$ cat start-v5.cif   # mmCIF, C-alpha atoms
data_coords
loop_
_atom_site.group_PDB
_atom_site.id
_atom_site.type_symbol
_atom_site.label_atom_id
_atom_site.label_comp_id
_atom_site.auth_asym_id
_atom_site.auth_seq_id
_atom_site.Cartn_x
_atom_site.Cartn_y
_atom_site.Cartn_z
ATOM 1 C CA MET A 287 71.714 113.378 102.206
ATOM 2 C CA LYS A 288 73.491 112.488 99.008
ATOM 3 C CA GLU A 289 76.730 110.545 99.022
ATOM 4 C CA ARG A 290 78.255 113.092 96.707
ATOM 5 C CA GLN A 291 77.604 115.901 99.194
ATOM 6 C CA LYS A 292 79.025 113.930 102.069
ATOM 7 C CA GLU A 293 82.146 113.263 100.035
ATOM 8 C CA LEU A 294 82.474 117.003 99.461
ATOM 9 C CA VAL A 295 82.227 117.577 103.215
ATOM 10 C CA SER A 296 84.995 115.059 103.737
ATOM 11 C CA SER A 297 87.156 116.856 101.164
ATOM 12 C CA LEU A 298 86.391 120.238 102.735
ATOM 13 C CA LEU A 299 87.865 119.021 106.017
ATOM 14 C CA ASP A 300 91.020 118.051 104.133
ATOM 15 C CA ASN A 301 91.226 121.261 102.097
ATOM 16 C CA GLU A 302 90.971 119.172 98.953
ATOM 17 C CA LEU A 303 87.901 120.628 97.266
ATOM 18 C CA GLU A 304 88.101 121.484 93.586
ATOM 19 C CA SER A 305 87.244 125.074 92.691
ATOM 20 C CA HIS A 306 83.894 124.201 91.117
ATOM 21 C CA GLU A 307 82.912 122.200 94.182
ATOM 22 C CA VAL A 308 83.072 125.014 96.739
ATOM 23 C CA ASP A 309 79.878 126.726 95.621
ATOM 24 C CA GLU A 310 78.183 123.389 95.157
ATOM 25 C CA LEU A 311 78.928 122.476 98.747
ATOM 26 C CA ILE A 312 77.813 125.839 100.085
ATOM 27 C CA ALA A 313 74.493 125.414 98.307
ATOM 28 C CA ALA A 314 74.208 121.910 99.720
ATOM 29 C CA PHE A 315 74.766 123.194 103.259
ATOM 30 C CA GLU A 316 71.950 125.670 102.828
ATOM 31 C CA ASN A 317 69.549 122.963 101.787
ATOM 32 C CA ASP A 318 70.544 120.181 104.115
ATOM 33 C CA ALA A 319 70.973 120.762 107.834
ATOM 34 C CA GLY A 320 72.192 117.198 108.190
ATOM 35 C CA LEU A 321 75.441 118.123 106.493
ATOM 36 C CA ASN A 322 76.308 120.311 109.455
ATOM 37 C CA ALA A 323 75.987 117.373 111.791
ATOM 38 C CA GLN A 324 77.982 115.322 109.318
ATOM 39 C CA ILE A 325 80.963 117.649 109.363
ATOM 40 C CA ASP A 326 80.844 117.724 113.176
ATOM 41 C CA ARG A 327 81.043 113.928 113.336
ATOM 42 C CA TYR A 328 83.813 113.683 110.753
ATOM 43 C CA ALA A 329 85.694 116.255 112.811
ATOM 44 C CA LEU A 330 85.157 114.213 115.957
ATOM 45 C CA ILE A 331 86.565 111.171 114.157
ATOM 46 C CA ARG A 332 89.613 113.246 113.265
ATOM 47 C CA GLU A 333 90.172 114.192 116.893
ATOM 48 C CA ALA A 334 89.890 110.599 118.031
ATOM 49 C CA ALA A 335 92.346 109.428 115.372
ATOM 50 C CA PHE A 336 94.725 112.280 116.067
ATOM 51 C CA LYS A 337 95.815 111.100 119.511
ATOM 52 C CA GLY A 338 97.212 113.402 122.151
ATOM 53 C CA ASP A 339 96.847 117.018 123.165
ATOM 54 C CA ILE A 340 98.108 119.919 121.129
ATOM 55 C CA ALA A 341 100.913 121.729 122.888
ATOM 56 C CA ILE A 342 100.426 125.466 122.837
ATOM 57 C CA ASP A 343 102.532 128.258 124.218
ATOM 58 C CA GLN A 344 99.874 129.654 126.501
ATOM 59 C CA ASP A 345 101.616 132.972 127.133
ATOM 60 C CA VAL A 346 102.075 133.649 123.419
ATOM 61 C CA PHE A 347 98.511 132.586 122.727
ATOM 62 C CA LEU A 348 97.172 135.016 125.311
ATOM 63 C CA LYS A 349 99.452 137.828 124.197
ATOM 64 C CA ASN A 350 98.287 137.513 120.577
ATOM 65 C CA ILE A 351 94.711 137.907 121.718
ATOM 66 C CA GLN A 352 95.563 140.824 123.990
ATOM 67 C CA ASP A 353 97.409 142.548 121.136
ATOM 68 C CA SER A 354 94.503 142.061 118.741
ATOM 69 C CA ILE A 355 92.029 143.395 121.249
ATOM 70 C CA THR A 356 94.163 146.422 121.991
ATOM 71 C CA SER A 357 95.072 147.234 118.401
ATOM 72 C CA SER A 358 91.611 146.853 116.956
ATOM 73 C CA SER A 359 89.944 149.026 119.613
ATOM 74 C CA ILE A 360 87.632 146.205 120.541
ATOM 75 C CA ALA A 361 88.273 147.168 124.128
ATOM 76 C CA SER A 362 86.259 150.287 123.524
ATOM 77 C CA ILE A 363 83.082 148.267 123.215
ATOM 78 C CA PHE A 364 83.083 147.747 126.913
ATOM 79 C CA SER A 365 82.056 150.312 129.431
ATOM 80 C CA GLN A 366 84.382 151.591 132.066
ATOM 81 C CA GLY A 367 83.057 151.707 135.593
ATOM 82 C CA GLY A 368 79.543 151.087 134.437
ATOM 83 C CA SER A 369 79.271 153.988 132.024
ATOM 84 C CA CYS A 370 79.696 153.799 128.281
ATOM 85 C CA VAL A 371 82.763 155.334 126.755
ATOM 86 C CA SER A 372 82.441 157.244 123.515
ATOM 87 C CA TYR A 373 84.944 156.777 120.732
ATOM 88 C CA SER A 374 85.273 158.110 117.250
ATOM 89 C CA SER A 375 84.105 156.035 114.347
ATOM 90 C CA GLU A 376 87.728 155.429 113.422
ATOM 91 C CA GLN A 377 88.354 153.870 116.781
ATOM 92 C CA VAL A 378 85.335 151.727 117.236
ATOM 93 C CA GLU A 379 84.721 148.689 115.172
ATOM 94 C CA ARG A 380 80.972 148.506 115.025
ATOM 95 C CA LEU A 381 79.589 145.046 114.661
ATOM 96 C CA PRO A 382 76.117 144.293 113.399
ATOM 97 C CA GLU A 383 73.943 143.546 116.375
ATOM 98 C CA ASP A 384 72.492 140.431 114.822
ATOM 99 C CA GLU A 385 75.925 138.876 114.487
ATOM 100 C CA LEU A 386 76.524 139.076 118.165
ATOM 101 C CA ARG A 387 73.229 138.336 119.805
ATOM 102 C CA GLU A 388 73.568 135.501 122.236
ATOM 103 C CA ASP A 389 70.333 133.933 121.085
ATOM 104 C CA ALA A 390 71.590 134.032 117.504
ATOM 105 C CA ILE A 391 74.732 132.212 118.504
ATOM 106 C CA LEU A 392 72.853 129.650 120.532
ATOM 107 C CA SER A 393 70.241 128.997 117.891
ATOM 108 C CA GLY A 394 72.851 128.583 115.240
ATOM 109 C CA GLU A 395 71.623 131.579 113.273
ATOM 110 C CA LEU A 396 74.901 133.345 113.698
ATOM 111 C CA VAL A 397 77.066 133.734 110.654
ATOM 112 C CA PHE A 398 80.521 135.062 111.063
ATOM 113 C CA LYS A 399 81.788 136.738 107.973
ATOM 114 C CA MET B 183 86.065 126.667 137.622
ATOM 115 C CA SER B 184 82.299 126.505 137.919
ATOM 116 C CA ASP B 185 79.748 128.139 135.672
ATOM 117 C CA HIS B 186 79.186 130.563 138.518
ATOM 118 C CA ASP B 187 82.864 131.558 138.549
ATOM 119 C CA ASP B 188 82.754 132.034 134.779
ATOM 120 C CA LYS B 189 79.742 134.268 135.157
ATOM 121 C CA LEU B 190 81.583 136.413 137.678
ATOM 122 C CA LEU B 191 84.491 136.765 135.264
ATOM 123 C CA VAL B 192 82.131 137.634 132.396
ATOM 124 C CA ASP B 193 80.502 140.310 134.554
ATOM 125 C CA GLU B 194 83.933 141.735 135.353
ATOM 126 C CA VAL B 195 84.825 141.868 131.651
ATOM 127 C CA LYS B 196 81.568 143.669 130.954
ATOM 128 C CA ASN B 197 82.546 146.195 133.603
ATOM 129 C CA GLY B 198 85.793 146.900 131.799
ATOM 130 C CA ASN B 199 88.195 144.530 133.527
ATOM 131 C CA LYS B 200 90.292 143.126 130.686
ATOM 132 C CA LYS B 201 92.267 140.946 133.082
ATOM 133 C CA ALA B 202 89.121 138.962 133.693
ATOM 134 C CA PHE B 203 88.984 138.111 130.003
ATOM 135 C CA ASP B 204 92.634 137.048 130.160
ATOM 136 C CA ARG B 205 91.597 134.629 132.870
ATOM 137 C CA LEU B 206 88.829 133.211 130.691
ATOM 138 C CA VAL B 207 91.334 132.750 127.861
ATOM 139 C CA GLN B 208 93.744 130.973 130.192
ATOM 140 C CA LEU B 209 90.990 128.709 131.433
ATOM 141 C CA TYR B 210 89.707 127.633 128.048
ATOM 142 C CA GLN B 211 92.505 128.089 125.503
ATOM 143 C CA GLN B 212 93.587 124.459 125.513
ATOM 144 C CA ARG B 213 90.041 123.166 125.090
ATOM 145 C CA VAL B 214 89.268 125.636 122.324
ATOM 146 C CA VAL B 215 92.458 124.897 120.378
ATOM 147 C CA GLN B 216 91.751 121.182 120.704
ATOM 148 C CA LEU B 217 88.196 121.727 119.519
ATOM 149 C CA VAL B 218 89.205 123.849 116.525
ATOM 150 C CA ALA B 219 91.861 121.308 115.559
ATOM 151 C CA ARG B 220 89.086 118.830 114.885
ATOM 152 C CA TYR B 221 88.179 120.960 111.905
ATOM 153 C CA VAL B 222 91.486 122.619 111.070
ATOM 154 C CA ARG B 223 94.056 119.888 111.263
ATOM 155 C CA ASP B 224 97.186 122.028 111.078
ATOM 156 C CA ARG B 225 98.143 122.869 114.646
ATOM 157 C CA SER B 226 99.463 126.333 113.965
ATOM 158 C CA GLU B 227 96.435 127.196 111.866
ATOM 159 C CA ALA B 228 94.181 125.813 114.587
ATOM 160 C CA GLN B 229 95.764 128.159 117.110
ATOM 161 C CA ASP B 230 95.190 131.137 114.827
ATOM 162 C CA VAL B 231 91.545 130.196 114.379
ATOM 163 C CA ALA B 232 91.147 129.626 118.113
ATOM 164 C CA GLN B 233 92.566 133.091 118.796
ATOM 165 C CA GLU B 234 90.111 134.528 116.301
ATOM 166 C CA ALA B 235 87.302 132.758 118.138
ATOM 167 C CA PHE B 236 88.334 134.301 121.454
ATOM 168 C CA ILE B 237 88.469 137.747 119.865
ATOM 169 C CA LYS B 238 84.982 137.250 118.447
ATOM 170 C CA ALA B 239 83.816 136.122 121.861
ATOM 171 C CA TYR B 240 85.278 139.275 123.395
ATOM 172 C CA LYS B 241 83.438 141.389 120.850
ATOM 173 C CA ALA B 242 80.230 139.526 121.503
ATOM 174 C CA LEU B 243 80.418 139.536 125.293
ATOM 175 C CA PRO B 244 78.293 142.683 125.743
ATOM 176 C CA ASN B 245 75.446 140.670 124.225
ATOM 177 C CA PHE B 246 76.045 137.547 126.282
ATOM 178 C CA ARG B 247 73.188 137.312 128.748
ATOM 179 C CA GLY B 248 74.273 134.175 130.510
ATOM 180 C CA ASP B 249 71.342 132.047 129.384
ATOM 181 C CA SER B 250 73.850 129.319 128.694
ATOM 182 C CA ALA B 251 77.144 128.456 130.360
ATOM 183 C CA PHE B 252 80.020 130.580 129.116
ATOM 184 C CA TYR B 253 81.852 127.591 127.656
ATOM 185 C CA THR B 254 78.762 126.425 125.757
ATOM 186 C CA TRP B 255 78.572 129.848 124.163
ATOM 187 C CA LEU B 256 82.307 129.965 123.492
ATOM 188 C CA TYR B 257 82.192 126.463 122.014
ATOM 189 C CA ARG B 258 79.615 127.526 119.459
ATOM 190 C CA ILE B 259 81.577 130.591 118.478
ATOM 191 C CA ALA B 260 84.720 128.471 118.077
ATOM 192 C CA VAL B 261 82.984 125.854 115.924
ATOM 193 C CA ASN B 262 81.348 128.516 113.760
ATOM 194 C CA THR B 263 84.674 130.231 113.319
ATOM 195 C CA ALA B 264 86.400 126.964 112.428
ATOM 196 C CA LYS B 265 83.761 125.977 109.872
ATOM 197 C CA ASN B 266 83.767 129.346 108.222
ATOM 198 C CA HIS B 267 87.549 129.196 108.143
ATOM 199 C CA LEU B 268 87.350 125.908 106.236
ATOM 200 C CA VAL B 269 85.224 127.502 103.555
ATOM 201 C CA ALA B 270 87.329 130.646 103.337
ATOM 202 C CA ARG B 271 90.393 128.431 103.015
ATOM 203 C CA ALA B 272 88.763 126.328 100.306
ATOM 204 C CA ARG B 273 87.950 129.472 98.373
ATOM 205 C CA ARG B 274 91.485 130.704 98.719
ATOM 206 C CA SER B 275 92.839 127.387 97.534
ATOM 207 C CA SER B 276 90.533 127.230 94.556
ATOM 208 C CA ASN B 277 90.866 130.803 93.403
ATOM 209 C CA HIS B 278 94.285 132.341 93.730
ATOM 210 C CA GLU B 279 92.997 135.662 92.477
ATOM 211 C CA VAL B 280 90.914 136.122 95.587
ATOM 212 C CA ASP B 281 92.599 138.373 98.083
ATOM 213 C CA VAL B 282 93.199 136.756 101.454
ATOM 214 C CA VAL B 283 91.191 139.373 103.301
ATOM 215 C CA ASP B 284 88.342 139.048 100.823
ATOM 216 C CA ALA B 285 88.364 135.335 101.306
ATOM 217 C CA GLU B 286 88.117 135.689 105.055
ATOM 218 C CA ASN B 287 85.176 138.027 104.639
ATOM 219 C CA PHE B 288 83.498 136.103 101.897
ATOM 220 C CA GLU B 289 80.051 137.227 100.933
ATOM 221 C CA GLY B 290 77.108 135.064 100.220
ATOM 222 C CA ALA B 291 74.314 133.371 101.998
ATOM 223 C CA PHE B 292 76.501 130.572 103.197
ATOM 224 C CA ARG B 293 75.776 129.321 106.646
ATOM 225 C CA LEU B 294 77.534 126.720 108.655
ATOM 226 C CA THR B 295 75.932 126.431 111.990
ATOM 227 C CA VAL B 296 76.426 124.413 115.105
ATOM 228 C CA CYS B 297 73.825 121.753 115.640
ATOM 229 C CA ASP B 298 74.959 120.211 118.868
ATOM 230 C CA THR B 299 75.855 121.068 122.386
ATOM 231 C CA PRO B 300 79.404 120.596 123.681
ATOM 232 C CA GLU B 301 78.196 117.729 125.810
ATOM 233 C CA HIS B 302 76.729 116.024 122.792
ATOM 234 C CA LEU B 303 79.955 116.069 120.837
ATOM 235 C CA LEU B 304 82.326 115.550 123.722
ATOM 236 C CA LEU B 305 85.125 113.187 122.872
ATOM 237 C CA THR B 306 84.812 110.816 125.783
ATOM 238 C CA GLU B 307 87.236 107.978 126.305
ATOM 239 C CA GLU B 308 84.491 105.581 125.268
ATOM 240 C CA ILE B 309 83.941 107.392 121.982
ATOM 241 C CA ARG B 310 87.658 107.677 121.338
ATOM 242 C CA LEU B 311 88.126 103.950 121.816
ATOM 243 C CA THR B 312 85.116 103.145 119.672
ATOM 244 C CA ILE B 313 86.414 105.306 116.843
ATOM 245 C CA GLN B 314 89.924 103.894 117.079
ATOM 246 C CA GLN B 315 88.592 100.337 117.063
ATOM 247 C CA ALA B 316 86.396 101.168 114.091
ATOM 248 C CA ILE B 317 89.410 102.514 112.208
ATOM 249 C CA GLU B 318 91.401 99.386 113.069
ATOM 250 C CA GLY B 319 88.571 97.277 111.673
ATOM 251 C CA LEU B 320 88.523 99.001 108.289
ATOM 252 C CA PRO B 321 89.734 97.229 105.142
ATOM 253 C CA GLU B 322 93.430 97.910 104.692
ATOM 254 C CA ASP B 323 93.107 100.352 101.786
ATOM 255 C CA LEU B 324 90.665 102.532 103.714
ATOM 256 C CA ARG B 325 92.574 102.250 106.974
ATOM 257 C CA MET B 326 95.871 103.249 105.407
ATOM 258 C CA ALA B 327 94.333 106.150 103.508
ATOM 259 C CA ILE B 328 92.756 107.697 106.603
ATOM 260 C CA ARG B 329 95.875 107.056 108.679
ATOM 261 C CA TYR B 330 98.080 108.814 106.147
ATOM 262 C CA ARG B 331 95.669 111.723 106.182
ATOM 263 C CA GLU B 332 94.856 112.062 109.885
ATOM 264 C CA LEU B 333 97.982 110.809 111.583
ATOM 265 C CA GLU B 334 100.642 111.927 109.135
ATOM 266 C CA GLY B 335 98.839 114.905 107.637
ATOM 267 C CA MET B 336 99.602 113.912 104.061
ATOM 268 C CA THR B 337 97.788 115.573 101.164
ATOM 269 C CA TYR B 338 95.698 113.542 98.734
ATOM 270 C CA ASP B 339 98.468 113.873 96.142
ATOM 271 C CA GLU B 340 101.039 112.520 98.575
ATOM 272 C CA ILE B 341 98.784 109.658 99.605
ATOM 273 C CA ALA B 342 98.104 108.830 95.961
ATOM 274 C CA GLU B 343 101.794 108.555 95.350
ATOM 275 C CA LYS B 344 102.330 106.498 98.482
ATOM 276 C CA MET B 345 99.460 104.120 97.690
ATOM 277 C CA ASP B 346 100.147 104.129 93.964
ATOM 278 C CA CYS B 347 96.613 105.020 92.971
ATOM 279 C CA PRO B 348 94.744 108.004 91.464
ATOM 280 C CA VAL B 349 93.941 111.018 93.646
ATOM 281 C CA GLY B 350 90.232 110.380 93.102
ATOM 282 C CA THR B 351 90.641 106.955 94.635
ATOM 283 C CA VAL B 352 92.326 108.456 97.686
ATOM 284 C CA ARG B 353 89.502 110.916 98.104
ATOM 285 C CA SER B 354 86.966 108.135 97.845
ATOM 286 C CA ARG B 355 88.838 105.886 100.276
ATOM 287 C CA ILE B 356 89.100 108.581 102.920
ATOM 288 C CA PHE B 357 85.440 109.405 102.545
ATOM 289 C CA ARG B 358 84.415 105.762 102.748
ATOM 290 C CA ALA B 359 86.607 105.302 105.809
ATOM 291 C CA ARG B 360 84.919 108.245 107.551
ATOM 292 C CA GLU B 361 81.514 106.967 106.549
ATOM 293 C CA ALA B 362 82.209 103.502 107.883
ATOM 294 C CA VAL B 363 83.354 104.915 111.225
ATOM 295 C CA ASP B 364 80.450 107.348 111.295
ATOM 296 C CA LYS B 365 77.950 104.529 110.965
ATOM 297 C CA ILE B 366 79.250 103.214 114.278
ATOM 298 C CA LEU B 367 79.647 106.639 115.858
ATOM 299 C CA GLU B 368 76.295 108.216 115.031
ATOM 300 C CA PRO B 369 74.131 105.898 117.181
ATOM 301 C CA LEU B 370 76.436 106.530 120.149
ATOM 302 C CA LEU B 371 75.978 110.279 119.849
ATOM 303 C CA SER B 372 72.233 110.088 119.518
ATOM 304 C CA ASP B 373 71.775 108.006 122.688
#
$ encode --input "start-v5.cif" --output "structure tokens"
Amino acid sequence: MKERQKELVSSLLDNELESHEVDELIAAFENDAGLNAQIDRYALIREAAFKGDIAIDQDVFLKNIQDSITSSSIASIFSQGGSCVSYSSEQVERLPEDELREDAILSGELVFK
Amino acid sequence: MSDHDDKLLVDEVKNGNKKAFDRLVQLYQQRVVQLVARYVRDRSEAQDVAQEAFIKAYKALPNFRGDSAFYTWLYRIAVNTAKNHLVARARRSSNHEVDVVDAENFEGAFRLTVCDTPEHLLLTEEIRLTIQQAIEGLPEDLRMAIRYRELEGMTYDEIAEKMDCPVGTVRSRIFRAREAVDKILEPLLSD
């Protein structure tokens, strides 16, 4: 793993990448799995240095999620009483199966776009 | 809550009980926000990303088979979401012509994946102390640079002004500080 690439990872965490460096770093991530572990450890260092818990308004947090789920018709993905519910294409946000497979998530193949 | 209780809640969500998902959110929201904030330092931004992670988890739940614990699965979604957010944000910052929505849905073969289990990257008290001691032991220029960044949330420009040095030097100091701490941290995590 090159020092230059690790420095880019450090800058990515700080939102301090230059425009020409974004694509360079993306290419580096594709070719070096170690960079993923690197960013995880830098992030862990951040948490340790940060000190203290983040206070969140738990009711507001939950309500925002509930509102998103309701408004985006995600709720329609789930069956009601064991049987699938049919919705129009306007209502249902279809997600590519391979984005949501549990094994894809667990293996790290998953890419959220 | 045990893994078994989580599984019961997941089954209820799959059967259409949205309240059960509310319960899962209530159980894990603090941990997920804390986790995301490792990557996305701004607290408000971290909450937005954490909410996005829960929504993605909700979407993905029909495909969750329970091979892993629910939180392990949620953890990976949250970290993926946070990492992809970092890149989308970097693209937004570097190209003001890119629409915000486009940036969030950036195309390309880019992949940031999760390499470790939650247990592996758990911030234990031992690790926290080790990291804090390592930071304390850094040369002053590195220690101050990373403190300004992580504790006070200053930008590189602001730190450069504060430390009376070029921005490139700040960037290098923060990187070298992280590297120095990482050299102590990495063996602990691989034990």
$ residues_around --input "start-v5.cif" --residues "Ile356 of chain B" --least-positions-apart "2" --cutoff "7 Å" --atoms "only C-alpha atoms" --output "list in words"
Leu324, Ala327, Ile328, Val352, Arg353, Ser354, Arg358, Ala359 and Arg360 of chain B
$ closest_residue --input "start-v5.cif" --among "A:Glu289, A:Asp353, A:Asp343, A:Glu333" --to "chain B" --atoms "all atoms listed in the file"
A:Glu333
$ residues_around --input "start-v5.cif" --residues "Tyr210 of chain B" --least-positions-apart "4" --cutoff "8 Å" --atoms "all atoms listed in the file" --output "ChimeraX atom specification"
/B:206,214,253
$ residues_near_point --input "start-v5.cif" --point "(102.0, 107.5, 99.3)" --cutoff "12 Å" --atoms "only C-alpha atoms" --output "tab-separated table (two decimals) with C-alpha atoms, in the frame of the given file"
chain	number	residue	atom	x	y	z
B	323	ASP	CA	93.11	100.35	101.79
B	326	MET	CA	95.87	103.25	105.41
B	327	ALA	CA	94.33	106.15	103.51
B	328	ILE	CA	92.76	107.70	106.60
B	329	ARG	CA	95.88	107.06	108.68
B	330	TYR	CA	98.08	108.81	106.15
B	331	ARG	CA	95.67	111.72	106.18
B	334	GLU	CA	100.64	111.93	109.14
B	335	GLY	CA	98.84	114.90	107.64
B	336	MET	CA	99.60	113.91	104.06
B	337	THR	CA	97.79	115.57	101.16
B	338	TYR	CA	95.70	113.54	98.73
B	339	ASP	CA	98.47	113.87	96.14
B	340	GLU	CA	101.04	112.52	98.58
B	341	ILE	CA	98.78	109.66	99.60
B	342	ALA	CA	98.10	108.83	95.96
B	343	GLU	CA	101.79	108.56	95.35
B	344	LYS	CA	102.33	106.50	98.48
B	345	MET	CA	99.46	104.12	97.69
B	346	ASP	CA	100.15	104.13	93.96
B	347	CYS	CA	96.61	105.02	92.97
B	348	PRO	CA	94.74	108.00	91.46
B	349	VAL	CA	93.94	111.02	93.65
B	352	VAL	CA	92.33	108.46	97.69
$ atom_distance --input "start-v5.cif" --atom1 "atom CA of Ser357 of chain A" --atom2 "atom CA of Val231 of chain B"
17.9 Å
$ residues_near_point --input "start-v5.cif" --point "(85.2, 121.0, 91.3)" --cutoff "12 Å" --atoms "all atoms listed in the file" --output "ChimeraX atom specification"
/A:290,294,297-298,302-311 /B:272-273,275-277,350
$ write_last_selection --input "start-v5.cif" --atoms "C-alpha atoms" --output "CSV table (one decimal), in the frame of the given file"
chain,number,residue,atom,x,y,z
A,290,ARG,CA,78.3,113.1,96.7
A,294,LEU,CA,82.5,117.0,99.5
A,297,SER,CA,87.2,116.9,101.2
A,298,LEU,CA,86.4,120.2,102.7
A,302,GLU,CA,91.0,119.2,99.0
A,303,LEU,CA,87.9,120.6,97.3
A,304,GLU,CA,88.1,121.5,93.6
A,305,SER,CA,87.2,125.1,92.7
A,306,HIS,CA,83.9,124.2,91.1
A,307,GLU,CA,82.9,122.2,94.2
A,308,VAL,CA,83.1,125.0,96.7
A,309,ASP,CA,79.9,126.7,95.6
A,310,GLU,CA,78.2,123.4,95.2
A,311,LEU,CA,78.9,122.5,98.7
B,272,ALA,CA,88.8,126.3,100.3
B,273,ARG,CA,88.0,129.5,98.4
B,275,SER,CA,92.8,127.4,97.5
B,276,SER,CA,90.5,127.2,94.6
B,277,ASN,CA,90.9,130.8,93.4
B,350,GLY,CA,90.2,110.4,93.1
$ residues_around --input "start-v5.cif" --residues "Asp188 of chain B" --least-positions-apart "2" --cutoff "10 Å" --atoms "all atoms listed in the file" --output "compact mmCIF listing (two decimals) with C-alpha atoms, in the coordinates of the input"
# COMPACT_ATOMS: atom_id res chain seq x y z
CA MET B 183 86.06 126.67 137.62
CA SER B 184 82.30 126.50 137.92
CA ASP B 185 79.75 128.14 135.67
CA HIS B 186 79.19 130.56 138.52
CA LEU B 190 81.58 136.41 137.68
CA LEU B 191 84.49 136.76 135.26
CA VAL B 192 82.13 137.63 132.40
CA ASP B 193 80.50 140.31 134.55
CA GLU B 194 83.93 141.74 135.35
CA ALA B 202 89.12 138.96 133.69
CA PHE B 203 88.98 138.11 130.00
CA ARG B 205 91.60 134.63 132.87
CA LEU B 206 88.83 133.21 130.69
CA LEU B 209 90.99 128.71 131.43
CA GLY B 248 74.27 134.18 130.51
CA ALA B 251 77.14 128.46 130.36
CA PHE B 252 80.02 130.58 129.12
CA TYR B 253 81.85 127.59 127.66
$ decode --input "start-v5.cif" --residues "segment 202-239 of chain B" --atoms "C-alpha atoms" --output "mmCIF file, in the first residue's frame"
data_model
loop_
_atom_site.group_PDB
_atom_site.id
_atom_site.type_symbol
_atom_site.label_atom_id
_atom_site.label_comp_id
_atom_site.auth_asym_id
_atom_site.auth_seq_id
_atom_site.Cartn_x
_atom_site.Cartn_y
_atom_site.Cartn_z
ATOM 1 C CA ALA B 202 -41.309 -4.113 15.023
ATOM 2 C CA PHE B 203 -38.911 -2.200 12.798
ATOM 3 C CA ASP B 204 -39.427 0.880 14.969
ATOM 4 C CA ARG B 205 -38.287 -1.236 17.882
ATOM 5 C CA LEU B 206 -35.153 -2.299 16.020
ATOM 6 C CA VAL B 207 -34.412 1.354 15.243
ATOM 7 C CA GLN B 208 -34.872 2.293 18.891
ATOM 8 C CA LEU B 209 -32.581 -0.506 19.976
ATOM 9 C CA TYR B 210 -29.723 0.298 17.642
ATOM 10 C CA GLN B 211 -29.965 3.972 16.666
ATOM 11 C CA GLN B 212 -27.390 5.174 19.170
ATOM 12 C CA ARG B 213 -24.864 2.513 18.190
ATOM 13 C CA VAL B 214 -25.368 3.129 14.486
ATOM 14 C CA VAL B 215 -25.041 6.913 14.777
ATOM 15 C CA GLN B 216 -21.893 6.445 16.844
ATOM 16 C CA LEU B 217 -20.527 4.032 14.267
ATOM 17 C CA VAL B 218 -21.286 6.300 11.307
ATOM 18 C CA ALA B 219 -19.733 9.259 13.116
ATOM 19 C CA ARG B 220 -16.402 7.477 12.936
ATOM 20 C CA TYR B 221 -16.483 8.122 9.219
ATOM 21 C CA VAL B 222 -18.660 11.220 8.991
ATOM 22 C CA ARG B 223 -17.439 13.508 11.707
ATOM 23 C CA ASP B 224 -20.235 16.072 11.602
ATOM 24 C CA ARG B 225 -22.866 14.917 14.071
ATOM 25 C CA SER B 226 -25.871 16.110 12.135
ATOM 26 C CA GLU B 227 -24.546 14.601 8.929
ATOM 27 C CA ALA B 228 -23.820 11.367 10.776
ATOM 28 C CA GLN B 229 -27.440 11.172 11.886
ATOM 29 C CA ASP B 230 -28.648 11.659 8.321
ATOM 30 C CA VAL B 231 -26.363 8.898 7.082
ATOM 31 C CA ALA B 232 -27.424 6.626 9.935
ATOM 32 C CA GLN B 233 -31.077 7.180 9.019
ATOM 33 C CA GLU B 234 -30.250 6.316 5.428
ATOM 34 C CA ALA B 235 -28.612 3.116 6.639
ATOM 35 C CA PHE B 236 -31.731 2.099 8.557
ATOM 36 C CA ILE B 237 -33.888 2.779 5.506
ATOM 37 C CA LYS B 238 -31.589 0.631 3.381
ATOM 38 C CA ALA B 239 -31.775 -2.074 6.015
#
